[in-house]
There are 2 protein chains.
Amino acid sequence: MNFDAITIRDIARELHLSVSTVSKALRDSYEISEKTKKLVTEFAQKHNYRPNPMAQSLKKGHSKSIGIVVSSIDNQFFSQVINGMESEAYSQGYNVIITQSHESYELEVQNVGHLIHRAIDGLLISIATETADVEHLRRLQQQGLPIVFFDRVSNEIDTHKVIVDNLGGAYQATMHLLASGYKNIAHITSSVTSSVTNQRLAGYVDALVESGIEVNEQYIKYCLHGGLNLDELEQAIDELMQTEPRPDAILTASDRITTSTMTLLHKKNIRIPQDVALVGFSNTVLADVLNPSLTSVHQPAFEIGRKATEMLLSIINSKRPITEFENVVLPTELFIRSSSASKLK
Amino acid sequence: MNFDAITIRDIARELHLSVSTVSKALRDSYEISEKTKKLVTEFAQKHNYRPNPMAQSLKKGHSKSIGIVVSSIDNQFFSQVINGMESEAYSQGYNVIITQSHESYELEVQNVGHLIHRAIDGLLISIATETADVEHLRRLQQQGLPIVFFDRVSNEIDTHKVIVDNLGGAYQATMHLLASGYKNIAHITSSVTSSVTNQRLAGYVDALVESGIEVNEQYIKYCLHGGLNLDELEQAIDELMQTEPRPDAILTASDRITTSTMTLLHKKNIRIPQDVALVGFSNTVLADVLNPSLTSVHQPAFEIGRKATEMLLSIINSKRPITEFENVVLPTELFIRSSSASKLK
DNA sequence: GTGAAAGCGCTAACAA
DNA sequence: TTGTTAGCGCTTTCAC
């Protein structure tokens, strides 16, 4: 496929120069006279010359592109994160290649493999809920691939990480429910293996303990597929609704779980918040117009993406190997709406 | 970046063979003895050899990857379309590269340029609302790049296209509003230049005309940025609400316009459907749990993506140049919910 | 200041 | 059946 295929050779031929001279002129080398540079760049401009990145990558061993792995782009949180990544990457002359793991370990490994062979210069990844073993990533890192984790990070790999204050967000949400008069608060979350799950769970537990409320293990439900699988979520809800005493509020731990829970509660004719209040981590732009409007823990998704990319590019562009890694924690924001309306007068 | 960097040369050296023999063995050439093939493939397997796609692309002039341009992945419709594309592409051994135009002509041109220089073998594109001139695409097609349009297509370029029955969908939605007792139906849509806009507009007009209702130009509002810009949408709504007689229903023509309109009506305390009914083209999975639940014209997004990709790959894999192009039209589905509840008893 | 030539990893025509 | 070689488009060393 050679569209608009004007190469450095074509320019050399037309201008009666050698390819190396043209190459150098294009790269503004000090060896080349201003006159020749001008000649070449103007010709290139005029004929819309663009270097073939395949050839450049092959030669230089890097590609000016970074790989992204998220569980699913069909998720407001991740699409906002990606917008932040694109923004930062483009501003530094990098392109992004987006792939989806759909929460599958196998797909994650496959996608990473694909990205590597596309010669990406770095990787931005939120690991899949299914992923327990991160050996595939560790190996790559050891071989020198810059990796930055965001959202779902791995403790077993030492590198830059960008997360939000998951503990604080869950704590604040739980405290809000308690303050609104809810006593029996359940928690639906993803896989136990996930960093995010554990931090949010801890925030939930902390709030309860601090308020002198006993943690009821039956109120905590894990969805191994992060709510992608509606059946597992439905089962969790059914079990919760049969637990005695029945929960009067639910804290949901991810975007997908939150919206799916809302949908299932509707389907079951369980009224929110009268029968059960709902507070969820979610970045949906529709929170205001849901029925009822949704109290949500909102994450600065764009900033997560932007920051993660900035850090990745700093590793990529660093002369020396990086040994000191940063763990950026951004704040969450609780938006109080009707789904957690106060029970108290 | 050479991770796991075992090349064909390494294999040749280790096995005391030539690179071409190894290359041929790997590609299962008839010229190579079974014995050698076995030796090579087993060694490659064992050492986790994977060909460098950059080198392959450079050599072969194609990359086994297809480019995708959508306006925004932060949109249920497009993310579902992309899932369909991924699914079909992967099953045929192709990768996809996703880019967003954010409805900007400039970004669209830039993205297409980037994709081309990534040596994509074909392009799947829904053109940006801003795009009026498709010269950049026509040129590429003439140079031999297989292109398939979906969703927002261009009439000026002859190739495979996958759309939905936009006219029928808008017609059906409008008829539903009329049947529910709404008489003054407004229509908010995107840029006039878009194929989708025109077809949906035609469906709206047809339904009115067929029902003996005069088309009121003041009831038709165009948003040049497809609702990305909230201000232009808010102005459209404000104008509509001041038109005499005031519309009692609105048909919105795209996912983003629909959800944003809902948000703005809430903000303005305009009740749906009591003050104004709302029916919109939308693929949001939250339609059921919106307030009120949203009557929506739903598109078979996954199938659109799958089908478009299937057609693109058929062009790519075709021996002869294609001259007969297909125009696939998939049906929409109207989901009737509360936002258009009947006015009649 | 400019050019010749090697080489990134791979494929394929041609030679042996 | 296997090997030699040229070349995809580019960068870069070294020579002129």
# chains A, B, ... in the order shown; residues from 1 in each chain; ligands from 1

$ interface_residues --of "chain C" --to "chain A" --cutoff "8 Å" --atoms "only C-alpha atoms (C1' of nucleotides)" --output "list in words"
DG1, DT2, DG3, DC8 and DG9 of chain C

$ write_last_selection --atoms "C-alpha atoms (C1' of nucleotides)" --output "short mmCIF file (atom, residue, chain, number, x, y, z; two decimals), in the first residue's frame"
data_model
loop_
_atom_site.label_atom_id
_atom_site.label_comp_id
_atom_site.auth_asym_id
_atom_site.auth_seq_id
_atom_site.Cartn_x
_atom_site.Cartn_y
_atom_site.Cartn_z
"C1'" DG C 1 28.82 20.13 2.27
"C1'" DT C 2 27.58 15.91 -0.02
"C1'" DG C 3 27.43 11.02 -1.16
"C1'" DC C 8 17.03 -2.67 10.57
"C1'" DG C 9 14.03 -7.99 9.70
#

$ closest_atom_pairs --of "chain A" --to "chain B" --cutoff "8 Å" --atoms "only C-alpha atoms" --output "JSON lines"
{"residue": "A:Met1", "atom": "CA", "partner": "B:Gly61", "partner_atom": "CA", "distance": 5.1}
{"residue": "A:Asn2", "atom": "CA", "partner": "B:Gly61", "partner_atom": "CA", "distance": 7.1}
{"residue": "A:Phe3", "atom": "CA", "partner": "B:Gln143", "partner_atom": "CA", "distance": 6.1}
{"residue": "A:Asp4", "atom": "CA", "partner": "B:Leu140", "partner_atom": "CA", "distance": 7.9}
{"residue": "A:Arg50", "atom": "CA", "partner": "B:His117", "partner_atom": "CA", "distance": 7.9}
{"residue": "A:Pro51", "atom": "CA", "partner": "B:His117", "partner_atom": "CA", "distance": 7.9}
{"residue": "A:Asn52", "atom": "CA", "partner": "B:His117", "partner_atom": "CA", "distance": 5.9}
{"residue": "A:Pro53", "atom": "CA", "partner": "B:His117", "partner_atom": "CA", "distance": 6.3}
{"residue": "A:Met54", "atom": "CA", "partner": "B:Met54", "partner_atom": "CA", "distance": 5.3}
{"residue": "A:Ala55", "atom": "CA", "partner": "B:Leu58", "partner_atom": "CA", "distance": 6.3}
{"residue": "A:Ser57", "atom": "CA", "partner": "B:Met54", "partner_atom": "CA", "distance": 7.0}
{"residue": "A:Leu58", "atom": "CA", "partner": "B:Met54", "partner_atom": "CA", "distance": 6.1}
{"residue": "A:Gly61", "atom": "CA", "partner": "B:Met1", "partner_atom": "CA", "distance": 5.2}
{"residue": "A:His62", "atom": "CA", "partner": "B:Met1", "partner_atom": "CA", "distance": 5.7}
{"residue": "A:Ile73", "atom": "CA", "partner": "B:Ser79", "partner_atom": "CA", "distance": 6.3}
{"residue": "A:Asp74", "atom": "CA", "partner": "B:Ser79", "partner_atom": "CA", "distance": 5.2}
{"residue": "A:Asn75", "atom": "CA", "partner": "B:Asp74", "partner_atom": "CA", "distance": 7.5}
{"residue": "A:Gln76", "atom": "CA", "partner": "B:Asp74", "partner_atom": "CA", "distance": 6.2}
{"residue": "A:Ser79", "atom": "CA", "partner": "B:Asp74", "partner_atom": "CA", "distance": 5.2}
{"residue": "A:Gln80", "atom": "CA", "partner": "B:Asp74", "partner_atom": "CA", "distance": 7.0}
{"residue": "A:Ile97", "atom": "CA", "partner": "B:Ile97", "partner_atom": "CA", "distance": 6.1}
{"residue": "A:Ile98", "atom": "CA", "partner": "B:Ile98", "partner_atom": "CA", "distance": 6.3}
{"residue": "A:Ile116", "atom": "CA", "partner": "B:Phe3", "partner_atom": "CA", "distance": 7.4}
{"residue": "A:His117", "atom": "CA", "partner": "B:Asn52", "partner_atom": "CA", "distance": 6.0}
{"residue": "A:Arg118", "atom": "CA", "partner": "B:Pro53", "partner_atom": "CA", "distance": 6.4}
{"residue": "A:Ala119", "atom": "CA", "partner": "B:Met1", "partner_atom": "CA", "distance": 6.2}
{"residue": "A:Ile120", "atom": "CA", "partner": "B:Met1", "partner_atom": "CA", "distance": 7.5}
{"residue": "A:Asp121", "atom": "CA", "partner": "B:Met1", "partner_atom": "CA", "distance": 6.7}
{"residue": "A:Leu140", "atom": "CA", "partner": "B:Phe3", "partner_atom": "CA", "distance": 6.7}
{"residue": "A:Gln143", "atom": "CA", "partner": "B:Phe3", "partner_atom": "CA", "distance": 6.1}
{"residue": "A:Gly144", "atom": "CA", "partner": "B:Phe3", "partner_atom": "CA", "distance": 7.7}
{"residue": "A:Leu145", "atom": "CA", "partner": "B:Met1", "partner_atom": "CA", "distance": 7.3}
{"residue": "A:Thr259", "atom": "CA", "partner": "B:Leu286", "partner_atom": "CA", "distance": 7.4}
{"residue": "A:Met262", "atom": "CA", "partner": "B:Val289", "partner_atom": "CA", "distance": 7.1}
{"residue": "A:Thr263", "atom": "CA", "partner": "B:Val289", "partner_atom": "CA", "distance": 6.1}
{"residue": "A:His266", "atom": "CA", "partner": "B:Val289", "partner_atom": "CA", "distance": 7.0}
{"residue": "A:Leu286", "atom": "CA", "partner": "B:Thr259", "partner_atom": "CA", "distance": 7.4}
{"residue": "A:Asp288", "atom": "CA", "partner": "B:Thr263", "partner_atom": "CA", "distance": 7.1}
{"residue": "A:Val289", "atom": "CA", "partner": "B:Asn291", "partner_atom": "CA", "distance": 5.6}
{"residue": "A:Leu290", "atom": "CA", "partner": "B:Leu290", "partner_atom": "CA", "distance": 4.1}
{"residue": "A:Asn291", "atom": "CA", "partner": "B:Asn291", "partner_atom": "CA", "distance": 4.4}
{"residue": "A:Pro292", "atom": "CA", "partner": "B:Asn291", "partner_atom": "CA", "distance": 6.8}
{"residue": "A:Ser293", "atom": "CA", "partner": "B:Asn291", "partner_atom": "CA", "distance": 7.9}

$ atom_distance --atom1 "C1' of DA6 in chain C" --atom2 "CA of Asn317 in chain A"
27.4 Å

$ select_by_dssp --residues "range 2-119 of chain B" --states "helix (DSSP H, G or I)" --output "PyMOL selection string"
chain B and resi 8-15+19-26+34-46+53-60+76-91+105-117

$ closest_atom_pairs --of "chain D" --to "chain A" --cutoff "9 Å" --atoms "only C-alpha atoms (C1' of nucleotides)" --output "tab-separated table"
residue	atom	partner	partner_atom	distance
D:DC8	C1'	A:Ala55	CA	8.1
D:DG9	C1'	A:Ala55	CA	5.1
D:DC10	C1'	A:Ala55	CA	5.3
D:DT11	C1'	A:Lys59	CA	6.7
D:DT12	C1'	A:Ser20	CA	8.7

$ residues_around --residues "range 123-125 of chain A" --least-positions-apart "6" --cutoff "7 Å" --atoms "only C-alpha atoms (C1' of nucleotides)" --output "list in words"
Ile66, Gly67, Ile68, Val69, Val70, Pro146, Ile147, Val148, Phe149 and Phe150 of chain A

$ atom_distance --atom1 "CA of Leu15 in chain A" --atom2 "CA of Lys37 in chain A"
11.5 Å

$ select_by_dssp --residues "range 143-307 of chain A" --states "strand (DSSP E)" --output "list in words"
Ile147, Val148, Phe149, Phe150, Lys161, Val162, Ile163, Val164, Ile185, Ala186, His187, Ile188, Thr189, Ile220, Lys221, Tyr222, Ala249, Ile250, Leu251, Thr252, Ala277, Leu278, Val279, Gly280, Phe281, Thr295, Ser296, Val297 and His298 of chain A

$ residues_around --residues "Asp206 in chain B" --least-positions-apart "3" --cutoff "10 Å" --atoms "only C-alpha atoms (C1' of nucleotides)" --output "JSON, numbers by chain"
{"B": [167, 168, 170, 171, 174, 175, 200, 201, 202, 203, 209, 210, 211, 212, 213, 215]}

$ write_last_selection --atoms "N, CA, C and O atoms" --output "mmCIF file, in the first residue's frame"
data_model
loop_
_atom_site.group_PDB
_atom_site.id
_atom_site.type_symbol
_atom_site.label_atom_id
_atom_site.label_comp_id
_atom_site.auth_asym_id
_atom_site.auth_seq_id
_atom_site.Cartn_x
_atom_site.Cartn_y
_atom_site.Cartn_z
ATOM 1 N N LEU B 167 -34.184 6.574 7.282
ATOM 2 C CA LEU B 167 -35.473 7.149 6.924
ATOM 3 C C LEU B 167 -36.577 6.390 7.655
ATOM 4 O O LEU B 167 -37.415 6.992 8.344
ATOM 5 N N GLY B 168 -36.537 5.081 7.547
ATOM 6 C CA GLY B 168 -37.564 4.257 8.187
ATOM 7 C C GLY B 168 -37.602 4.445 9.704
ATOM 8 O O GLY B 168 -38.674 4.520 10.298
ATOM 9 N N ALA B 170 -36.665 7.051 11.484
ATOM 10 C CA ALA B 170 -37.209 8.356 11.853
ATOM 11 C C ALA B 170 -38.702 8.409 11.544
ATOM 12 O O ALA B 170 -39.496 8.973 12.315
ATOM 13 N N TYR B 171 -39.077 7.790 10.451
ATOM 14 C CA TYR B 171 -40.493 7.740 10.062
ATOM 15 C C TYR B 171 -41.302 7.021 11.136
ATOM 16 O O TYR B 171 -42.316 7.523 11.628
ATOM 17 N N THR B 174 -41.538 9.038 14.342
ATOM 18 C CA THR B 174 -42.456 10.170 14.200
ATOM 19 C C THR B 174 -43.909 9.690 14.203
ATOM 20 O O THR B 174 -44.776 10.272 14.861
ATOM 21 N N MET B 175 -44.142 8.609 13.476
ATOM 22 C CA MET B 175 -45.486 8.034 13.436
ATOM 23 C C MET B 175 -45.938 7.622 14.832
ATOM 24 O O MET B 175 -47.101 7.796 15.202
ATOM 25 N N ARG B 200 -32.733 10.936 8.040
ATOM 26 C CA ARG B 200 -33.618 10.967 9.203
ATOM 27 C C ARG B 200 -34.622 12.117 9.084
ATOM 28 O O ARG B 200 -35.788 11.973 9.420
ATOM 29 N N LEU B 201 -34.106 13.207 8.568
ATOM 30 C CA LEU B 201 -34.980 14.349 8.333
ATOM 31 C C LEU B 201 -36.091 13.964 7.356
ATOM 32 O O LEU B 201 -37.271 14.280 7.559
ATOM 33 N N ALA B 202 -35.715 13.257 6.309
ATOM 34 C CA ALA B 202 -36.692 12.832 5.304
ATOM 35 C C ALA B 202 -37.755 11.931 5.925
ATOM 36 O O ALA B 202 -38.950 12.046 5.618
ATOM 37 N N GLY B 203 -37.330 11.038 6.821
ATOM 38 C CA GLY B 203 -38.288 10.146 7.478
ATOM 39 C C GLY B 203 -39.265 10.939 8.330
ATOM 40 O O GLY B 203 -40.480 10.668 8.345
ATOM 41 N N VAL B 209 -45.981 14.647 6.499
ATOM 42 C CA VAL B 209 -46.719 14.879 5.263
ATOM 43 C C VAL B 209 -47.789 13.811 5.083
ATOM 44 O O VAL B 209 -48.960 14.110 4.812
ATOM 45 N N GLU B 210 -47.400 12.585 5.293
ATOM 46 C CA GLU B 210 -48.334 11.481 5.109
ATOM 47 C C GLU B 210 -49.505 11.588 6.075
ATOM 48 O O GLU B 210 -50.597 11.086 5.820
ATOM 49 N N SER B 211 -49.267 12.248 7.189
ATOM 50 C CA SER B 211 -50.331 12.397 8.178
ATOM 51 C C SER B 211 -51.071 13.717 8.008
ATOM 52 O O SER B 211 -51.858 14.109 8.860
ATOM 53 N N GLY B 212 -50.765 14.379 6.917
ATOM 54 C CA GLY B 212 -51.460 15.623 6.629
ATOM 55 C C GLY B 212 -51.065 16.774 7.530
ATOM 56 O O GLY B 212 -51.833 17.715 7.739
ATOM 57 N N ILE B 213 -49.863 16.697 8.079
ATOM 58 C CA ILE B 213 -49.409 17.781 8.954
ATOM 59 C C ILE B 213 -48.370 18.615 8.237
ATOM 60 O O ILE B 213 -47.453 18.072 7.609
ATOM 61 N N VAL B 215 -45.200 20.757 7.559
ATOM 62 C CA VAL B 215 -43.861 20.807 8.130
ATOM 63 C C VAL B 215 -43.520 22.244 8.489
ATOM 64 O O VAL B 215 -43.616 23.135 7.640
#

$ residues_around --residues "His47 in chain B" --least-positions-apart "2" --cutoff "10 Å" --atoms "only C-alpha atoms (C1' of nucleotides)" --output "list in words"
Asp4, Ala5, Ile6, Ile11, Thr41, Glu42, Phe43, Ala44, Gln45, Tyr49 and Arg50 of chain B

$ write_last_selection --atoms "N, CA, C and O atoms" --output "mmCIF file, in the first residue's frame"
data_model
loop_
_atom_site.group_PDB
_atom_site.id
_atom_site.type_symbol
_atom_site.label_atom_id
_atom_site.label_comp_id
_atom_site.auth_asym_id
_atom_site.auth_seq_id
_atom_site.Cartn_x
_atom_site.Cartn_y
_atom_site.Cartn_z
ATOM 1 N N ASP B 4 11.804 -9.953 23.457
ATOM 2 C CA ASP B 4 11.695 -11.328 22.975
ATOM 3 C C ASP B 4 12.306 -11.387 21.583
ATOM 4 O O ASP B 4 11.863 -12.137 20.736
ATOM 5 N N ALA B 5 13.337 -10.579 21.380
ATOM 6 C CA ALA B 5 13.770 -10.322 20.020
ATOM 7 C C ALA B 5 14.551 -11.464 19.408
ATOM 8 O O ALA B 5 15.762 -11.389 19.268
ATOM 9 N N ILE B 6 13.870 -12.500 19.053
ATOM 10 C CA ILE B 6 14.558 -13.514 18.285
ATOM 11 C C ILE B 6 14.123 -13.362 16.840
ATOM 12 O O ILE B 6 12.947 -13.271 16.531
ATOM 13 N N ILE B 11 17.571 -17.757 14.268
ATOM 14 C CA ILE B 11 17.184 -19.145 14.031
ATOM 15 C C ILE B 11 18.114 -19.774 13.006
ATOM 16 O O ILE B 11 18.612 -20.891 13.183
ATOM 17 N N THR B 41 10.198 -24.948 12.692
ATOM 18 C CA THR B 41 8.989 -24.528 13.405
ATOM 19 C C THR B 41 9.083 -24.877 14.887
ATOM 20 O O THR B 41 8.643 -24.099 15.741
ATOM 21 N N GLU B 42 9.679 -26.013 15.177
ATOM 22 C CA GLU B 42 9.798 -26.378 16.588
ATOM 23 C C GLU B 42 10.737 -25.440 17.334
ATOM 24 O O GLU B 42 10.474 -25.045 18.462
ATOM 25 N N PHE B 43 11.823 -25.101 16.662
ATOM 26 C CA PHE B 43 12.760 -24.169 17.288
ATOM 27 C C PHE B 43 12.090 -22.809 17.516
ATOM 28 O O PHE B 43 12.205 -22.200 18.580
ATOM 29 N N ALA B 44 11.372 -22.382 16.496
ATOM 30 C CA ALA B 44 10.696 -21.085 16.576
ATOM 31 C C ALA B 44 9.683 -21.092 17.715
ATOM 32 O O ALA B 44 9.624 -20.165 18.531
ATOM 33 N N GLN B 45 8.913 -22.139 17.743
ATOM 34 C CA GLN B 45 7.911 -22.317 18.794
ATOM 35 C C GLN B 45 8.571 -22.210 20.159
ATOM 36 O O GLN B 45 8.150 -21.443 21.026
ATOM 37 N N TYR B 49 9.350 -17.383 18.810
ATOM 38 C CA TYR B 49 9.619 -16.475 17.689
ATOM 39 C C TYR B 49 8.325 -15.867 17.174
ATOM 40 O O TYR B 49 7.321 -16.545 17.043
ATOM 41 N N ARG B 50 8.371 -14.585 16.882
ATOM 42 C CA ARG B 50 7.255 -13.927 16.204
ATOM 43 C C ARG B 50 7.833 -12.961 15.193
ATOM 44 O O ARG B 50 8.713 -12.169 15.509
#

$ atom_distance --atom1 "CA of Leu137 in chain A" --atom2 "CA of Ser191 in chain A"
19.4 Å

$ residues_around --residues "range 238-247 of chain A" --least-positions-apart "3" --cutoff "7 Å" --atoms "only C-alpha atoms (C1' of nucleotides)" --output "list in words"
Asn184, Ile185, Ala186, Tyr219, Glu234, Gln235 and Val276 of chain A

$ residues_around --residues "range 12-15 of chain C" --least-positions-apart "3" --cutoff "9 Å" --atoms "only C-alpha atoms (C1' of nucleotides)" --output "NGL selection string"
(:B and (20)) or (:D and (3-6))

$ write_last_selection --atoms "N, CA and C atoms (P, O5', C5', C4', C3', O3' and C1' of nucleotides)" --output "mmCIF file, in the first residue's frame"
data_model
loop_
_atom_site.group_PDB
_atom_site.id
_atom_site.type_symbol
_atom_site.label_atom_id
_atom_site.label_comp_id
_atom_site.auth_asym_id
_atom_site.auth_seq_id
_atom_site.Cartn_x
_atom_site.Cartn_y
_atom_site.Cartn_z
ATOM 1 N N SER B 20 16.750 -17.500 4.274
ATOM 2 C CA SER B 20 15.641 -17.746 3.355
ATOM 3 C C SER B 20 15.023 -19.114 3.593
ATOM 4 P P DG D 3 20.873 -24.039 3.559
ATOM 5 O "O5'" DG D 3 21.318 -23.081 2.364
ATOM 6 C "C5'" DG D 3 22.350 -23.522 1.492
ATOM 7 C "C4'" DG D 3 22.738 -22.397 0.549
ATOM 8 C "C3'" DG D 3 23.037 -21.066 1.247
ATOM 9 O "O3'" DG D 3 24.184 -20.502 0.612
ATOM 10 C "C1'" DG D 3 21.330 -20.758 -0.370
ATOM 11 P P DT D 4 24.863 -19.217 1.170
ATOM 12 O "O5'" DT D 4 24.779 -18.212 -0.058
ATOM 13 C "C5'" DT D 4 24.636 -18.697 -1.384
ATOM 14 C "C4'" DT D 4 24.391 -17.526 -2.318
ATOM 15 C "C3'" DT D 4 24.833 -16.156 -1.788
ATOM 16 O "O3'" DT D 4 25.376 -15.437 -2.889
ATOM 17 C "C1'" DT D 4 22.521 -16.092 -2.297
ATOM 18 P P DT D 5 25.941 -13.951 -2.654
ATOM 19 O "O5'" DT D 5 24.653 -13.071 -3.052
ATOM 20 C "C5'" DT D 5 24.007 -13.325 -4.301
ATOM 21 C "C4'" DT D 5 22.845 -12.373 -4.469
ATOM 22 C "C3'" DT D 5 23.108 -10.956 -3.946
ATOM 23 O "O3'" DT D 5 22.696 -10.047 -4.952
ATOM 24 C "C1'" DT D 5 21.080 -11.769 -3.075
ATOM 25 P P DA D 6 23.169 -8.548 -4.921
ATOM 26 O "O5'" DA D 6 21.803 -7.802 -5.287
ATOM 27 C "C5'" DA D 6 20.857 -8.463 -6.149
ATOM 28 C "C4'" DA D 6 19.486 -7.914 -5.869
ATOM 29 C "C3'" DA D 6 19.455 -6.425 -5.505
ATOM 30 O "O3'" DA D 6 18.338 -5.872 -6.161
ATOM 31 C "C1'" DA D 6 18.432 -7.653 -3.782
#

$ closest_residue --among "B:His187, B:Leu224, B:Ser65, B:Arg152" --to "Gln92 in chain B" --atoms "only C-alpha atoms"
B:Ser65

$ decode --residues "range 167-181 of chain A" --atoms "N, CA and C atoms" --output "CSV table (one decimal), in the first residue's frame"
chain,number,residue,atom,x,y,z
A,167,LEU,N,-9.7,4.1,48.3
A,167,LEU,CA,-10.1,3.9,49.7
A,167,LEU,C,-11.0,5.1,50.2
A,168,GLY,N,-10.4,6.3,49.9
A,168,GLY,CA,-11.1,7.5,50.4
A,168,GLY,C,-12.5,7.6,49.7
A,169,GLY,N,-12.6,7.3,48.4
A,169,GLY,CA,-13.8,7.4,47.7
A,169,GLY,C,-14.9,6.5,48.3
A,170,ALA,N,-14.5,5.3,48.5
A,170,ALA,CA,-15.4,4.3,49.1
A,170,ALA,C,-15.8,4.7,50.5
A,171,TYR,N,-14.8,5.2,51.3
A,171,TYR,CA,-15.0,5.6,52.6
A,171,TYR,C,-16.1,6.7,52.7
A,172,GLN,N,-15.8,7.7,51.8
A,172,GLN,CA,-16.7,8.9,51.8
A,172,GLN,C,-18.1,8.5,51.4
A,173,ALA,N,-18.2,7.6,50.4
A,173,ALA,CA,-19.5,7.2,50.0
A,173,ALA,C,-20.3,6.4,51.1
A,174,THR,N,-19.5,5.6,51.8
A,174,THR,CA,-20.2,4.8,52.8
A,174,THR,C,-20.6,5.7,54.0
A,175,MET,N,-19.7,6.6,54.3
A,175,MET,CA,-20.0,7.6,55.3
A,175,MET,C,-21.3,8.4,55.0
A,176,HIS,N,-21.4,8.8,53.7
A,176,HIS,CA,-22.5,9.5,53.3
A,176,HIS,C,-23.8,8.7,53.5
A,177,LEU,N,-23.7,7.4,53.1
A,177,LEU,CA,-24.9,6.5,53.3
A,177,LEU,C,-25.3,6.4,54.8
A,178,LEU,N,-24.3,6.3,55.6
A,178,LEU,CA,-24.5,6.2,57.1
A,178,LEU,C,-25.2,7.5,57.6
A,179,ALA,N,-24.6,8.6,57.1
A,179,ALA,CA,-25.1,9.9,57.5
A,179,ALA,C,-26.5,10.1,57.1
A,180,SER,N,-26.9,9.4,56.0
A,180,SER,CA,-28.2,9.6,55.4
A,180,SER,C,-29.2,8.6,56.1
A,181,GLY,N,-28.7,7.9,57.1
A,181,GLY,CA,-29.6,7.0,57.8
A,181,GLY,C,-29.7,5.6,57.4
